[in-house]
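These notes are about the structure you will find just below.
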Amino acid sequence: MNKFILSFLCLLAFVMIAVYAYLLYLKPTYRGDIHLEGVDNAEVYFDNIGVPHIYANTEKDALTVLGYVHAQERLWQMELLRRIASGRLSEIFGKDLYDVDVFFSSLGIDETIHKQVEALKNNQEVQELVDAYLKGVNSYLDDGPTPIEFSLLGIEKEPYTSEDIYYVTAYMSFSFASAFKTDPILTLIKHKLGSDYLKDLAIDSKENIVFQENFDFRKKSIASINSLLDKLPFPQFIGSNGLVLAPKKTTTGKILFENDPHIGFAQPQVWYQAHIKTPTYENYGFYLGLFPFPLLAHNREYAFGLTMFQNDDINFYKIQQNSQDSTQYTTGMGFYNYEYLQKEIKIKKESPRKIIIKKTVLGTIVNSNATGFDSVPTAIQWVYNEKPNQVLQTTYGMNHAKGMYDFEKAIATLSAPGLNILYGDASDNIGMWSAGKLYKHLSPEVNTKFILEGMEVSQIQKEWLPFVKNPKAINPTKGYVFSSNVQPEAVDNYLYPGYYLSQDRAIELKKAIELKDKLSVDEVKNIANSHTNTSALKNVRELTYGLDLESLTPFELKVLDRLVKWKGNHGLDNIAPTIYYKFVFRVLKNTFEDELGVKDFKDFANSNLSKRTQNKYLKNKESVWWDNVNTQTRETFKDVITSSFKAAVSELSTGMGRDLEAWKWGKVHTLTHEHAMAKIEILKKIFNLGPYPSVGGYETINNLMFNYTEGNEFKVVAGPSTRRVIDFSAIENSYAITPTGQSGYFLSPFYSDQTQFFNTGKYHKMLMNEQEIKKSENILRFQSN
């Protein structure tokens, strides 16, 4: 028996050693020599946070090396990204993702991407660099270890192509399009409840306070859909902050640049940092998986970043089916035959399913294959599909500009997604452009926030506008530009419709910028990490106005006292945010759920529309929303507010006790970076990071967002995907941080090494000084032979 136990323990030890050895074999390589065909004498120095600093003879060689090192850290992420928009998730995850694949397949993306790939062939310079990057990715795919996720899911390796890159950009464009989440809800309210229920919702552009002003001084110089989106294994782009200060506003006497795009959290995190240096080119950039040019970058001459424009670049149209012939439909422009596109969707452990996509003159029908949608055929008209989109050519131009006007020329070619692009340079220029192809409906009566009628010609006709009509601010006299996804100022007395966010962050940013005449690097860092929202205090005043104070118990009055004394801070030890958001959720639920129903209320509560509406509807004490349509009595504003407050206090005290000091924000507001395979319990413990107590909240500058749910948890789902501060007085002393780390492999030393800095508002230096960089002992050398 003892021999048997000993033998078993020896076997177990051998297996554990073998498994550990295998896992170590999968680790990315940071030292040594790599054979990479066509690349001569390239070196990569990995700094103390795993950022590769690539030194090569040509940019083409540098892009090949970039593709290789990017793939060794993020091949799994690249695989996910190319599968989402192409409708290939159920092939690896199974039937649970089938509806997601059907939805993306119905958007008309495939045909658009084919056109983009063909158009790229006309630009040899960009095509060569794209091919070089893909060559590096595929070299690692062929020669490097297979990522553990591939092995666990049984994914067969397939070479990556330029078509796959465009699927990445298609997903990015989709995730910026708020119409998917808002238009169906508003249409439901309009038709089910009537126009009275629309009055108190913050729908129209005119209802947003304008902080994004237009200016141009040129210096002389050389819906139902939400349940599907919840299944996505990759984060969506949400919002963002950015600011650029002119020399007159800085203590350094040169431009300071800050940008923190807000994206859903996941592990691995979104951005991959890399620094490229050749005899003719240098750039420090932040790259999406499987994308060869950075979307955020700086060099010694200029810096750029982005936020979401939030413009409306999608229209939905109801199409009238020919009742006598299912192959025909009609719009206000006449009768047509459907064009049919067939696609096969592969499903893991099941037979493939074929779907038929119907194409109309107004776009593809998005609800002919999916379940849970309106049965009336609805077409999607998306700028991404309508207008030539040269995103690779555009981003190449942004990263190779010869000054501000050359940079502006490059971004003018962007069709979708709509982006606010911030710029600052060593020549003291600052600027911000709202980029993307804009249009106006010929009829001013058309409201694109609702599903439109395809039978109405007036709702179809529109005019495409030249780039000179896009909002912009170039070298404004006030000495700064900033963006926080708010309504841009009118151009030619026309406010572009969109899904702009409330003014909360804009108010705090403007206040922080104007608090002092000049700001330092550290002060700009502090702004990016600010977690105060004074706009929420206005809501507190409106809410407390509705309370029946005489009906409150002594404990409820004690809770109320904490809330009314709140300064808007969202620190870990603050108590009031816990009370405030639980109270707000109860008010939202008791106000809107009876009319919308459980499912549609959930979509509404966590939409941009809800965020804007929260600052509006509380002001109308006679709103029709206050009455609960499911009861015989007529509820008032005071009834709803009082019952909601009592329910909130009861839930918090039941779940967290009656000691208010235990209701700390950091206890309930936590961040977990979830891996796409975290549904498997054992993998969750290996791959996930967190939970971490988190500062910030809804629409604070440090915008750490959560979804409203039952219970006493406010789990963070999105926030700053990076924070960058670039100082043109000392470009080699610029700073950044990302939420977790560079690597997507859990045993890499760079898997989670930035997490503590991110959570505590600290930064790492973005190294550009060659002497500092070459002190590293982690060196990869690339040779052809």
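Numbering starts fresh at 1 for the residues of each chain in the structure tokens, the chains themselves are lettered A, B, ... in the order given, and ligands are numbered from 1 as they appear.
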* **range 400-468 of chain A: residues DSSP assigns to strand (DSSP E), reported as a list in words** =>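 Listing strand (DSSP E) positions across range 400-468 of chain A yields Leu419, Asn420, Ile421, Leu422, Tyr423, Gly424, Asp425, Ile430, Gly431, Met432, Trp433, Ser434, Ala435, Tyr439, Lys440, His441, Leu452, Glu453, Lys462, Glu463 and Trp464 of chain A.
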Can I get the selection written as a tab-separated table (two decimals), in the first residue's frame, with N, CA and C atoms?
chain	number	residue	atom	x	y	z
A	419	LEU	N	-15.25	60.33	-34.36
A	419	LEU	CA	-14.26	60.49	-33.28
A	419	LEU	C	-13.96	61.97	-33.06
A	420	ASN	N	-13.80	62.35	-31.81
A	420	ASN	CA	-13.18	63.63	-31.49
A	420	ASN	C	-11.69	63.38	-31.39
A	421	ILE	N	-10.92	63.99	-32.26
A	421	ILE	CA	-9.48	63.74	-32.30
A	421	ILE	C	-8.75	64.97	-31.78
A	422	LEU	N	-7.98	64.75	-30.70
A	422	LEU	CA	-7.25	65.84	-30.05
A	422	LEU	C	-5.81	65.85	-30.54
A	423	TYR	N	-5.23	67.05	-30.59
A	423	TYR	CA	-3.90	67.22	-31.18
A	423	TYR	C	-3.14	68.31	-30.43
A	424	GLY	N	-1.84	68.09	-30.27
A	424	GLY	CA	-0.95	69.12	-29.75
A	424	GLY	C	0.42	68.90	-30.33
A	425	ASP	N	1.21	69.97	-30.55
A	425	ASP	CA	2.52	69.75	-31.16
A	425	ASP	C	3.60	70.64	-30.55
A	430	ILE	N	-2.57	73.66	-30.83
A	430	ILE	CA	-3.49	72.72	-30.21
A	430	ILE	C	-4.74	72.65	-31.08
A	431	GLY	N	-5.41	71.52	-31.06
A	431	GLY	CA	-6.61	71.41	-31.88
A	431	GLY	C	-7.46	70.22	-31.49
A	432	MET	N	-8.70	70.27	-31.93
A	432	MET	CA	-9.61	69.14	-31.79
A	432	MET	C	-10.61	69.18	-32.93
A	433	TRP	N	-10.76	68.06	-33.60
A	433	TRP	CA	-11.70	67.93	-34.70
A	433	TRP	C	-12.70	66.83	-34.39
A	434	SER	N	-13.96	67.08	-34.73
A	434	SER	CA	-14.96	66.02	-34.70
A	434	SER	C	-14.95	65.38	-36.09
A	435	ALA	N	-14.31	64.23	-36.18
A	435	ALA	CA	-14.08	63.59	-37.48
A	435	ALA	C	-15.13	62.51	-37.73
A	439	TYR	N	-23.93	64.28	-42.18
A	439	TYR	CA	-25.01	64.54	-43.13
A	439	TYR	C	-26.14	65.29	-42.44
A	440	LYS	N	-27.04	65.83	-43.24
A	440	LYS	CA	-28.26	66.45	-42.73
A	440	LYS	C	-29.45	65.89	-43.51
A	441	HIS	N	-30.51	65.54	-42.83
A	441	HIS	CA	-31.74	65.20	-43.53
A	441	HIS	C	-32.34	66.47	-44.12
A	452	LEU	N	-37.16	55.06	-38.29
A	452	LEU	CA	-37.81	55.88	-39.30
A	452	LEU	C	-38.70	55.04	-40.22
A	453	GLU	N	-39.57	55.72	-40.95
A	453	GLU	CA	-40.50	55.07	-41.87
A	453	GLU	C	-39.91	55.07	-43.27
A	462	LYS	N	-31.29	62.88	-47.69
A	462	LYS	CA	-30.30	63.57	-46.86
A	462	LYS	C	-29.18	64.13	-47.72
A	463	GLU	N	-28.44	65.06	-47.12
A	463	GLU	CA	-27.34	65.75	-47.80
A	463	GLU	C	-26.03	65.44	-47.07
A	464	TRP	N	-25.04	64.96	-47.83
A	464	TRP	CA	-23.72	64.70	-47.25
A	464	TRP	C	-22.94	66.01	-47.18
* Excluding same-chain residues fewer than 5 positions from Thr722 in chain A, what lies within 9 Å of it counting only C-alpha atoms, as an MDAnalysis selection string? -> chainID A and resid 259:262 270:271 736:739 758
* **Residue nearest His764 in chain A - candidates A:Ser535, A:Ser734, A:Thr654, A:Thr182, atoms counted: only C-alpha atoms** =>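 For His764 in chain A, the nearest of the candidates is A:Ser734.
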* Asked: Can you tell me how far CA of Ile319 in chain A sits from CA of Ser105 in chain A, in Å to one decimal?
  -> 19.2 Å
* A:Ser175, A:Gln754, A:Phe583, A:Ala71 ranked by distance to Gln742 in chain A, top pick (using only C-alpha atoms) -> A:Gln754
* Asked: Between A:Ser483, A:Asn385, A:Thr112, A:Thr307, which has the minimum distance to Val244 in chain A (counting only C-alpha atoms)?
  ->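 Result for the nearest residue to Val244 in chain A: A:Ser483.
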